[in-house]
$ cat structure07.txt   # compact mmCIF, C-alpha atoms and all ligand atoms
# COMPACT_ATOMS: atom_id res chain seq x y z
CA MET A 30 -40.60 -19.60 -37.15
CA THR A 31 -38.58 -17.81 -34.49
CA ALA A 32 -35.25 -19.28 -33.37
CA ALA A 33 -35.14 -20.66 -29.82
CA VAL A 34 -33.32 -18.40 -27.42
CA VAL A 35 -30.44 -20.24 -25.76
CA VAL A 36 -29.97 -19.08 -22.20
CA PRO A 37 -26.38 -19.74 -21.04
CA GLU A 38 -26.14 -21.84 -17.92
CA THR A 39 -25.30 -19.88 -14.81
CA PRO A 40 -22.38 -21.52 -13.04
CA VAL A 41 -23.35 -22.68 -9.57
CA LEU A 42 -21.05 -21.34 -6.90
CA ILE A 43 -20.65 -23.54 -3.87
CA ALA A 44 -19.46 -22.24 -0.53
CA GLN A 45 -16.59 -24.23 0.98
CA ASP A 46 -15.10 -24.15 4.43
CA VAL A 47 -11.83 -22.24 4.41
CA THR A 48 -9.49 -21.93 7.38
CA PHE A 49 -8.09 -18.48 8.12
CA ARG A 50 -5.07 -18.48 10.44
CA ILE A 51 -4.99 -15.00 11.93
CA ALA A 52 -2.19 -13.41 13.93
CA ARG A 53 -3.85 -12.12 17.10
CA PHE A 54 -2.56 -9.61 19.60
CA LEU A 55 -4.75 -8.16 22.32
CA PRO A 56 -2.55 -5.60 24.09
CA ASP A 57 -4.35 -5.91 27.45
CA VAL A 58 -3.97 -9.68 27.55
CA ASP A 59 -1.13 -10.85 25.30
CA SER A 60 2.61 -10.39 25.69
CA GLU A 61 3.20 -11.57 22.14
CA VAL A 62 1.43 -12.39 18.90
CA HIS A 63 -0.22 -15.81 18.60
CA TRP A 64 -2.16 -17.55 15.82
CA GLU A 65 -5.85 -18.42 15.94
CA ASP A 66 -7.74 -20.48 13.36
CA PHE A 67 -11.26 -19.68 12.16
CA VAL A 68 -13.22 -21.81 9.71
CA VAL A 69 -15.53 -19.78 7.47
CA PRO A 70 -17.80 -20.87 4.58
CA MET A 71 -16.57 -18.90 1.58
CA TYR A 72 -17.46 -18.60 -2.09
CA PRO A 73 -14.48 -18.47 -4.48
CA THR A 74 -15.37 -14.90 -5.40
CA ASP A 75 -15.43 -13.77 -1.76
CA ARG A 76 -12.61 -11.54 -0.62
CA VAL A 77 -10.40 -11.91 2.43
CA LEU A 78 -12.14 -8.81 3.78
CA ASP A 79 -15.45 -10.73 3.62
CA ALA A 80 -13.89 -13.51 5.69
CA LEU A 81 -12.65 -11.05 8.32
CA SER A 82 -16.10 -9.42 8.46
CA LYS A 83 -17.78 -12.82 8.91
CA ILE A 84 -15.33 -13.77 11.66
CA LYS A 85 -15.89 -10.47 13.44
CA GLY A 86 -19.67 -10.61 12.98
CA ASP A 87 -20.31 -14.28 13.73
CA LEU A 88 -17.35 -15.83 15.55
CA ASP A 89 -15.26 -13.33 17.49
CA GLY A 90 -16.27 -9.69 17.84
CA THR A 91 -12.90 -8.78 19.34
CA LEU A 92 -11.06 -9.30 16.04
CA SER A 93 -9.74 -5.88 15.01
CA PHE A 94 -8.77 -4.65 11.56
CA ARG A 95 -9.11 -1.46 9.52
CA ARG A 96 -11.27 -1.11 6.46
CA SER A 97 -13.46 1.55 4.94
CA CYS A 98 -14.28 1.69 1.22
CA GLY A 99 -14.11 -2.06 0.51
CA HIS A 100 -13.05 -1.31 -3.07
CA GLY A 101 -9.32 -0.59 -3.19
CA ILE A 102 -9.63 3.16 -2.86
CA CYS A 103 -9.06 4.19 0.76
CA GLY A 104 -5.93 2.12 1.37
CA SER A 105 -6.87 1.21 4.94
CA ASP A 106 -6.87 -2.61 4.83
CA ALA A 107 -3.29 -3.46 3.90
CA MET A 108 -2.26 -6.70 5.57
CA ARG A 109 0.08 -9.60 5.07
CA ILE A 110 -1.89 -12.42 3.44
CA ASN A 111 -0.06 -15.72 2.91
CA GLY A 112 3.17 -13.85 3.56
CA ARG A 113 2.61 -11.09 1.03
CA ASN A 114 1.34 -7.54 1.50
CA ARG A 115 -2.05 -7.03 -0.12
CA LEU A 116 -5.34 -5.21 0.37
CA ALA A 117 -7.87 -7.56 1.99
CA CYS A 118 -10.67 -6.02 -0.10
CA LYS A 119 -8.84 -6.79 -3.37
CA THR A 120 -7.76 -10.34 -2.56
CA LEU A 121 -10.16 -13.06 -3.71
CA VAL A 122 -10.24 -16.45 -2.04
CA LYS A 123 -10.04 -18.16 -5.46
CA ASP A 124 -6.65 -16.54 -6.03
CA LEU A 125 -5.22 -18.11 -2.87
CA ASP A 126 -4.46 -21.74 -2.07
CA SER A 127 -7.40 -22.50 0.23
CA SER A 128 -6.51 -26.20 0.57
CA LYS A 129 -4.42 -25.12 3.56
CA PRO A 130 -4.95 -22.33 6.10
CA ILE A 131 -4.75 -18.81 4.68
CA THR A 132 -2.53 -16.75 6.97
CA VAL A 133 -3.41 -13.15 7.75
CA GLU A 134 -1.07 -10.89 9.75
CA ALA A 135 -0.50 -7.21 10.33
CA ILE A 136 1.92 -5.47 7.97
CA LYS A 137 5.52 -5.46 9.24
CA GLY A 138 7.80 -2.63 10.31
CA LEU A 139 5.21 -0.43 12.07
CA PRO A 140 4.29 -0.68 15.78
CA LEU A 141 1.57 -3.28 16.34
CA GLU A 142 -1.47 -1.91 18.18
CA LYS A 143 -4.01 -4.74 18.10
CA ASP A 144 -4.53 -7.82 15.90
CA LEU A 145 -4.21 -6.53 12.31
CA ILE A 146 -3.96 -2.85 13.24
CA VAL A 147 -0.62 -1.04 13.26
CA ASP A 148 0.26 2.51 14.22
CA MET A 149 0.51 4.29 10.84
CA GLU A 150 1.98 7.48 12.27
CA PRO A 151 5.66 6.75 11.40
CA PHE A 152 4.55 6.02 7.83
CA PHE A 153 2.63 9.31 7.53
CA ALA A 154 5.44 11.23 9.28
CA ALA A 155 7.83 10.19 6.48
CA TYR A 156 5.19 11.16 3.91
CA ARG A 157 4.75 14.62 5.43
CA GLN A 158 8.51 15.16 5.52
CA VAL A 159 8.87 15.11 1.73
CA LEU A 160 6.47 18.08 1.28
CA PRO A 161 3.74 16.20 -0.62
CA PHE A 162 1.98 19.26 -2.00
CA LEU A 163 2.43 21.68 -4.87
CA ILE A 164 4.93 24.46 -4.17
CA PRO A 165 4.19 26.97 -6.94
CA ASP A 166 6.42 29.83 -7.95
CA GLY A 167 5.42 33.48 -7.72
CA HIS A 168 1.98 34.93 -7.15
CA GLU A 169 -1.38 33.20 -7.35
CA PRO A 170 -2.22 33.10 -11.07
CA SER A 171 -5.46 34.62 -12.35
CA ARG A 172 -6.11 31.45 -14.37
CA GLU A 173 -5.26 27.79 -13.98
CA ARG A 174 -1.64 26.66 -14.15
CA LEU A 175 -1.36 25.09 -17.58
CA GLN A 176 0.51 21.88 -18.21
CA SER A 177 0.98 19.86 -21.39
CA ALA A 178 -0.29 16.29 -21.60
CA GLU A 179 3.34 15.15 -22.03
CA ASP A 180 4.45 16.91 -18.85
CA ARG A 181 1.46 15.50 -16.96
CA ALA A 182 2.31 11.97 -18.12
CA ILE A 183 5.78 12.15 -16.51
CA PHE A 184 4.38 11.90 -12.98
CA ASP A 185 1.02 10.25 -13.70
CA ASP A 186 1.95 6.90 -12.12
CA GLY A 187 2.56 8.43 -8.68
CA THR A 188 -0.84 10.13 -8.61
CA LYS A 189 -2.47 6.69 -8.30
CA CYS A 190 -1.03 6.13 -4.81
CA ILE A 191 -3.64 5.47 -2.09
CA LEU A 192 -1.12 5.54 0.80
CA CYS A 193 -1.88 1.97 1.80
CA ALA A 194 1.72 1.29 2.99
CA CYS A 195 1.91 -2.11 1.23
CA CYS A 196 5.17 -0.96 -0.37
CA THR A 197 6.97 0.56 2.60
CA THR A 198 6.08 -2.30 4.92
CA SER A 199 7.34 -4.90 2.44
CA CYS A 200 10.76 -3.26 2.16
CA PRO A 201 13.56 -5.14 4.01
CA VAL A 202 15.48 -1.89 4.46
CA TYR A 203 12.46 -0.37 6.25
CA TRP A 204 12.14 -3.47 8.43
CA THR A 205 15.69 -3.06 9.77
CA ASP A 206 15.06 0.09 11.81
CA GLY A 207 12.08 1.98 10.38
CA GLN A 208 14.26 5.05 9.84
CA TYR A 209 14.38 4.86 6.03
CA PHE A 210 11.84 7.22 4.41
CA GLY A 211 10.43 4.23 2.56
CA PRO A 212 9.15 3.82 -0.99
CA ALA A 213 5.72 5.44 -0.47
CA ALA A 214 7.27 8.72 0.68
CA ILE A 215 9.67 8.67 -2.27
CA VAL A 216 6.77 8.05 -4.69
CA ALA A 217 4.98 11.07 -3.16
CA ALA A 218 8.11 13.20 -3.56
CA HIS A 219 8.59 12.00 -7.14
CA ARG A 220 5.03 13.00 -7.99
CA PHE A 221 5.85 16.66 -7.21
CA ILE A 222 9.57 16.74 -8.11
CA PHE A 223 8.67 15.96 -11.72
CA ASP A 224 5.60 18.23 -11.90
CA SER A 225 6.38 21.09 -14.31
CA ARG A 226 4.20 23.47 -12.22
CA ASP A 227 6.16 22.87 -9.03
CA SER A 228 9.17 24.80 -7.72
CA GLY A 229 10.03 22.71 -4.65
CA ALA A 230 12.06 19.98 -6.36
CA GLU A 231 15.39 21.18 -4.96
CA GLN A 232 14.03 21.15 -1.39
CA ARG A 233 12.62 17.65 -1.76
CA LEU A 234 15.79 16.31 -3.38
CA GLU A 235 17.82 17.70 -0.50
CA ILE A 236 15.48 15.99 1.99
CA LEU A 237 15.85 12.66 0.15
CA ASN A 238 19.63 13.07 -0.01
CA ASP A 239 19.57 12.35 3.73
CA ARG A 240 21.31 9.22 5.08
CA GLU A 241 17.82 7.73 5.57
CA GLY A 242 16.77 8.90 2.13
CA VAL A 243 16.73 7.49 -1.35
CA TRP A 244 20.26 6.01 -1.25
CA ARG A 245 19.16 3.37 1.24
CA CYS A 246 17.09 1.67 -1.46
CA ARG A 247 18.77 -1.57 -2.56
CA THR A 248 16.45 -2.08 -5.56
CA THR A 249 14.89 -5.13 -3.95
CA PHE A 250 11.62 -4.61 -5.90
CA ASN A 251 9.41 -5.92 -3.03
CA CYS A 252 7.67 -2.54 -3.07
CA THR A 253 6.81 -2.71 -6.76
CA ASP A 254 5.53 -6.28 -6.40
CA ALA A 255 3.34 -5.31 -3.43
CA CYS A 256 1.70 -2.18 -4.85
CA PRO A 257 -2.05 -2.78 -5.39
CA ARG A 258 -2.11 0.17 -7.81
CA GLY A 259 0.60 -1.24 -10.05
CA ILE A 260 2.85 1.78 -9.57
CA GLU A 261 6.40 1.31 -10.85
CA ILE A 262 7.87 2.28 -7.51
CA THR A 263 11.43 1.08 -7.98
CA LYS A 264 11.60 2.95 -11.29
CA ALA A 265 10.40 6.14 -9.57
CA ILE A 266 13.08 5.70 -6.89
CA GLN A 267 15.74 5.29 -9.56
CA GLU A 268 14.50 8.47 -11.28
CA VAL A 269 14.83 10.40 -8.03
CA LYS A 270 18.37 9.02 -7.60
CA ARG A 271 19.25 10.10 -11.13
CA ALA A 272 17.75 13.55 -10.53
CA LEU A 273 19.96 13.86 -7.46
CA ILE A 274 23.04 12.90 -9.43
CA PHE A 275 22.34 15.21 -12.34
CA ARG A 276 20.15 17.82 -10.60
CA ARG A 277 18.40 18.42 -13.89
CA VAL A 278 14.81 18.75 -12.71
FE1 LIG A 301 0.26 1.69 -1.57
FE2 LIG A 301 1.40 1.64 -4.01
FE3 LIG A 301 1.05 3.97 -2.72
FE4 LIG A 301 2.86 2.22 -1.86
S1 LIG A 301 2.87 3.32 -3.81
S2 LIG A 301 1.43 3.35 -0.58
S3 LIG A 301 1.87 0.29 -2.28
S4 LIG A 301 -0.54 2.59 -3.45
FE1 LIG A 302 12.92 -1.35 -0.60
FE2 LIG A 302 11.64 -1.12 -2.86
FE3 LIG A 302 14.09 -0.25 -2.66
S1 LIG A 302 11.58 -2.86 -1.51
S2 LIG A 302 14.98 -1.62 -1.20
S3 LIG A 302 12.36 0.55 -1.57
S4 LIG A 302 13.19 -1.24 -4.42
FE1 LIG A 303 -10.49 0.64 1.25
FE2 LIG A 303 -9.58 -1.85 1.04
S1 LIG A 303 -11.13 -1.10 2.36
S2 LIG A 303 -8.80 -0.06 0.12

$ encode --input "structure07.txt" --output "structure tokens" --more "lines below"
Ligand code: SF4
Ligand code: F3S
Ligand code: FES
Amino acid sequence: MTAAVVVPETPVLIAQDVTFRIARFLPDVDSEVHWEDFVVPMYPTDRVLDALSKIKGDLDGTLSFRRSCGHGICGSDAMRINGRNRLACKTLVKDLDSSKPITVEAIKGLPLEKDLIVDMEPFFAAYRQVLPFLIPDGHEPSRERLQSAEDRAIFDDGTKCILCACCTTSCPVYWTDGQYFGPAAIVAAHRFIFDSRDSGAEQRLEILNDREGVWRCRTTFNCTDACPRGIEITKAIQEVKRALIFRRV
């Protein structure tokens, strides 16, 4: 006699109405940001990005936000959700308190263009300033530049950055005047400063020794908490500070 096959019950997911309170700003019409509520049927496993897409598709086509990959890779949909910087495509409704309106706003500290879209240029300008590319020594080698696994591990964390700006735009120092290089640029610098194949560490350290550089960090840790890639940003900033003090890289 063959044993009966027990098929596990599939849990039934039920869509529930969830209110999204979205900070709107239409530059041709509005003089300041205002809130608008949208009620959307959502499954617990839906993401905030799904809600925004439903609102744009079914309720208000003027709602503007950035997104591309939908899977936490491109870094284009950073926004402030319930007061905290996150990627909309990585934030599930079940992980938020949906018994009250879920607030969605543009990230802070960068010029607001429309609704949830900010001008990212100041963020990328700081990134470019720290020379985020390999500066090798000498002539082009005839074979690959070798590196031990131990040396590679030293800067591995920073290679995970997707330039989403969640960190920089959660930093209170950056909010004050937007002049501070910001944690993302320092992470990018760290990634090359501690790369054994690179010869540009001294240049980058000098750039970050600027009055708007690494010393403006007050170890607030907002950046580390906000990073969707789990990068230990504050630790990286401290390592750059130490490298500046000891100039041992
Ligand atoms: Fe985004 Fe993290 Fe990179 Fe900052 S360090 S830009 S939060 S991925
Ligand atoms: Fe800002 Fe992060 Fe430093 S939040 S103050 S860069 S630890
Ligand atoms: Fe690409 Fe969210 S849409 S990271």

$ closest_residue --input "structure07.txt" --among "A:Ala214, A:Cys200, A:Ala265, A:Val147" --to "ligand LIG 302 (chain A)" --atoms "only C-alpha atoms and all ligand atoms"
A:Cys200

$ atom_distance --input "structure07.txt" --atom1 "CA of Ile110 in chain A" --atom2 "CA of Lys189 in chain A"
22.4 Å

$ residues_near_ligand --input "structure07.txt" --ligand "ligand LIG 301 (chain A)" --cutoff "8 Å" --atoms "only C-alpha atoms and all ligand atoms" --output "PDB file with C-alpha atoms, in the frame of the given file"
ATOM      1  CA  GLY A 104      -5.930   2.120   1.370  1.00  0.00           C
ATOM      2  CA  GLY A 187       2.560   8.430  -8.680  1.00  0.00           C
ATOM      3  CA  LYS A 189      -2.470   6.690  -8.300  1.00  0.00           C
ATOM      4  CA  CYS A 190      -1.030   6.130  -4.810  1.00  0.00           C
ATOM      5  CA  ILE A 191      -3.640   5.470  -2.090  1.00  0.00           C
ATOM      6  CA  LEU A 192      -1.120   5.540   0.800  1.00  0.00           C
ATOM      7  CA  CYS A 193      -1.880   1.970   1.800  1.00  0.00           C
ATOM      8  CA  ALA A 194       1.720   1.290   2.990  1.00  0.00           C
ATOM      9  CA  CYS A 195       1.910  -2.110   1.230  1.00  0.00           C
ATOM     10  CA  CYS A 196       5.170  -0.960  -0.370  1.00  0.00           C
ATOM     11  CA  THR A 197       6.970   0.560   2.600  1.00  0.00           C
ATOM     12  CA  PRO A 212       9.150   3.820  -0.990  1.00  0.00           C
ATOM     13  CA  ALA A 213       5.720   5.440  -0.470  1.00  0.00           C
ATOM     14  CA  VAL A 216       6.770   8.050  -4.690  1.00  0.00           C
ATOM     15  CA  CYS A 252       7.670  -2.540  -3.070  1.00  0.00           C
ATOM     16  CA  THR A 253       6.810  -2.710  -6.760  1.00  0.00           C
ATOM     17  CA  ALA A 255       3.340  -5.310  -3.430  1.00  0.00           C
ATOM     18  CA  CYS A 256       1.700  -2.180  -4.850  1.00  0.00           C
ATOM     19  CA  PRO A 257      -2.050  -2.780  -5.390  1.00  0.00           C
ATOM     20  CA  ARG A 258      -2.110   0.170  -7.810  1.00  0.00           C
ATOM     21  CA  GLY A 259       0.600  -1.240 -10.050  1.00  0.00           C
ATOM     22  CA  ILE A 260       2.850   1.780  -9.570  1.00  0.00           C
ATOM     23  CA  ILE A 262       7.870   2.280  -7.510  1.00  0.00           C
TER      24      ILE A 262
END

$ closest_residue --input "structure07.txt" --among "A:Phe184, A:Phe250, A:Trp204, A:Tyr156" --to "Phe223 in chain A" --atoms "only C-alpha atoms"
A:Phe184

$ residues_around --input "structure07.txt" --residues "range 44-57 of chain A" --least-positions-apart "2" --cutoff "10 Å" --atoms "all atoms listed in the file" --output "short mmCIF file (atom, residue, chain, number, x, y, z; two decimals) with C-alpha atoms, in the frame of the given file"
data_model
loop_
_atom_site.label_atom_id
_atom_site.label_comp_id
_atom_site.auth_asym_id
_atom_site.auth_seq_id
_atom_site.Cartn_x
_atom_site.Cartn_y
_atom_site.Cartn_z
CA VAL A 41 -23.35 -22.68 -9.57
CA LEU A 42 -21.05 -21.34 -6.90
CA ASP A 59 -1.13 -10.85 25.30
CA SER A 60 2.61 -10.39 25.69
CA GLU A 61 3.20 -11.57 22.14
CA VAL A 62 1.43 -12.39 18.90
CA HIS A 63 -0.22 -15.81 18.60
CA TRP A 64 -2.16 -17.55 15.82
CA GLU A 65 -5.85 -18.42 15.94
CA ASP A 66 -7.74 -20.48 13.36
CA PHE A 67 -11.26 -19.68 12.16
CA VAL A 68 -13.22 -21.81 9.71
CA VAL A 69 -15.53 -19.78 7.47
CA PRO A 70 -17.80 -20.87 4.58
CA MET A 71 -16.57 -18.90 1.58
CA TYR A 72 -17.46 -18.60 -2.09
CA PRO A 73 -14.48 -18.47 -4.48
CA THR A 74 -15.37 -14.90 -5.40
CA ASP A 75 -15.43 -13.77 -1.76
CA VAL A 77 -10.40 -11.91 2.43
CA ALA A 80 -13.89 -13.51 5.69
CA LEU A 81 -12.65 -11.05 8.32
CA ILE A 84 -15.33 -13.77 11.66
CA THR A 91 -12.90 -8.78 19.34
CA LEU A 92 -11.06 -9.30 16.04
CA SER A 93 -9.74 -5.88 15.01
CA ARG A 109 0.08 -9.60 5.07
CA ILE A 110 -1.89 -12.42 3.44
CA ASN A 111 -0.06 -15.72 2.91
CA VAL A 122 -10.24 -16.45 -2.04
CA ASP A 126 -4.46 -21.74 -2.07
CA SER A 127 -7.40 -22.50 0.23
CA SER A 128 -6.51 -26.20 0.57
CA LYS A 129 -4.42 -25.12 3.56
CA PRO A 130 -4.95 -22.33 6.10
CA ILE A 131 -4.75 -18.81 4.68
CA THR A 132 -2.53 -16.75 6.97
CA VAL A 133 -3.41 -13.15 7.75
CA GLU A 134 -1.07 -10.89 9.75
CA ALA A 135 -0.50 -7.21 10.33
CA LEU A 141 1.57 -3.28 16.34
CA GLU A 142 -1.47 -1.91 18.18
CA LYS A 143 -4.01 -4.74 18.10
CA ASP A 144 -4.53 -7.82 15.90
CA LEU A 145 -4.21 -6.53 12.31
CA ILE A 146 -3.96 -2.85 13.24
#

$ residues_around --input "structure07.txt" --residues "Val243 in chain A" --least-positions-apart "2" --cutoff "8 Å" --atoms "all atoms listed in the file" --output "list in words"
Phe210, Ile215, Leu237, Asn238, Asp239, Glu241, Arg245, Cys246, Ile266, Val269 and Lys270 of chain A

$ closest_residue --input "structure07.txt" --among "A:Leu78, A:Val58, A:Val202, A:Ile164" --to "ligand LIG 302 (chain A)" --atoms "all atoms listed in the file"
A:Val202

$ atom_distance --input "structure07.txt" --atom1 "CA of His168 in chain A" --atom2 "CA of Leu273 in chain A"
27.7 Å

$ closest_residue --input "structure07.txt" --among "A:Thr39, A:Ser105, A:Gln232, A:Gln176" --to "ligand LIG 303 (chain A)" --atoms "only C-alpha atoms and all ligand atoms"
A:Ser105

$ closest_residue --input "structure07.txt" --among "A:Glu169, A:Leu121, A:Asn114, A:Ile222" --to "ligand LIG 302 (chain A)" --atoms "all atoms listed in the file"
A:Asn114

$ residues_near_ligand --input "structure07.txt" --ligand "ligand LIG 303 (chain A)" --cutoff "7 Å" --atoms "all atoms listed in the file" --output "JSON, numbers by chain"
{"A": [96, 97, 98, 99, 100, 101, 102, 103, 104, 105, 106, 116, 117, 118, 119]}

$ closest_residue --input "structure07.txt" --among "A:Arg233, A:Lys123, A:Lys137, A:Arg95" --to "Leu163 in chain A" --atoms "all atoms listed in the file"
A:Arg233

$ atom_distance --input "structure07.txt" --atom1 "CA of His219 in chain A" --atom2 "CA of Glu268 in chain A"
8.0 Å

$ build_atoms --input "structure07.txt" --residues "range 212-224 of chain A" --atoms "N, CA, C and O atoms" --output "mmCIF file, keeping the file's coordinate frame"
data_model
loop_
_atom_site.group_PDB
_atom_site.id
_atom_site.type_symbol
_atom_site.label_atom_id
_atom_site.label_comp_id
_atom_site.auth_asym_id
_atom_site.auth_seq_id
_atom_site.Cartn_x
_atom_site.Cartn_y
_atom_site.Cartn_z
ATOM 1 N N PRO A 212 9.553 3.586 0.396
ATOM 2 C CA PRO A 212 9.150 3.820 -0.990
ATOM 3 C C PRO A 212 7.922 4.714 -1.160
ATOM 4 O O PRO A 212 7.861 5.505 -2.105
ATOM 5 N N ALA A 213 6.941 4.624 -0.274
ATOM 6 C CA ALA A 213 5.720 5.440 -0.470
ATOM 7 C C ALA A 213 6.045 6.922 -0.391
ATOM 8 O O ALA A 213 5.531 7.735 -1.183
ATOM 9 N N ALA A 214 6.906 7.304 0.551
ATOM 10 C CA ALA A 214 7.270 8.720 0.680
ATOM 11 C C ALA A 214 8.042 9.182 -0.548
ATOM 12 O O ALA A 214 7.860 10.315 -1.023
ATOM 13 N N ILE A 215 8.882 8.287 -1.087
ATOM 14 C CA ILE A 215 9.670 8.670 -2.270
ATOM 15 C C ILE A 215 8.749 8.805 -3.490
ATOM 16 O O ILE A 215 8.917 9.709 -4.309
ATOM 17 N N VAL A 216 7.764 7.927 -3.599
ATOM 18 C CA VAL A 216 6.770 8.050 -4.690
ATOM 19 C C VAL A 216 6.046 9.402 -4.583
ATOM 20 O O VAL A 216 5.835 10.099 -5.581
ATOM 21 N N ALA A 217 5.685 9.787 -3.358
ATOM 22 C CA ALA A 217 4.980 11.070 -3.160
ATOM 23 C C ALA A 217 5.886 12.242 -3.550
ATOM 24 O O ALA A 217 5.442 13.201 -4.189
ATOM 25 N N ALA A 218 7.173 12.136 -3.184
ATOM 26 C CA ALA A 218 8.110 13.200 -3.560
ATOM 27 C C ALA A 218 8.275 13.253 -5.072
ATOM 28 O O ALA A 218 8.249 14.333 -5.678
ATOM 29 N N HIS A 219 8.416 12.091 -5.679
ATOM 30 C CA HIS A 219 8.590 12.000 -7.140
ATOM 31 C C HIS A 219 7.424 12.674 -7.858
ATOM 32 O O HIS A 219 7.613 13.400 -8.840
ATOM 33 N N ARG A 220 6.216 12.444 -7.346
ATOM 34 C CA ARG A 220 5.030 13.000 -7.990
ATOM 35 C C ARG A 220 5.109 14.528 -8.131
ATOM 36 O O ARG A 220 4.620 15.114 -9.094
ATOM 37 N N PHE A 221 5.742 15.199 -7.143
ATOM 38 C CA PHE A 221 5.850 16.660 -7.210
ATOM 39 C C PHE A 221 7.185 17.124 -7.807
ATOM 40 O O PHE A 221 7.227 18.150 -8.491
ATOM 41 N N ILE A 222 8.255 16.353 -7.559
ATOM 42 C CA ILE A 222 9.570 16.740 -8.110
ATOM 43 C C ILE A 222 9.485 16.882 -9.634
ATOM 44 O O ILE A 222 10.073 17.789 -10.214
ATOM 45 N N PHE A 223 8.719 15.968 -10.255
ATOM 46 C CA PHE A 223 8.670 15.960 -11.720
ATOM 47 C C PHE A 223 7.425 16.658 -12.280
ATOM 48 O O PHE A 223 7.095 16.489 -13.444
ATOM 49 N N ASP A 224 6.768 17.457 -11.444
ATOM 50 C CA ASP A 224 5.600 18.230 -11.900
ATOM 51 C C ASP A 224 6.092 19.575 -12.401
ATOM 52 O O ASP A 224 6.698 20.351 -11.646
#
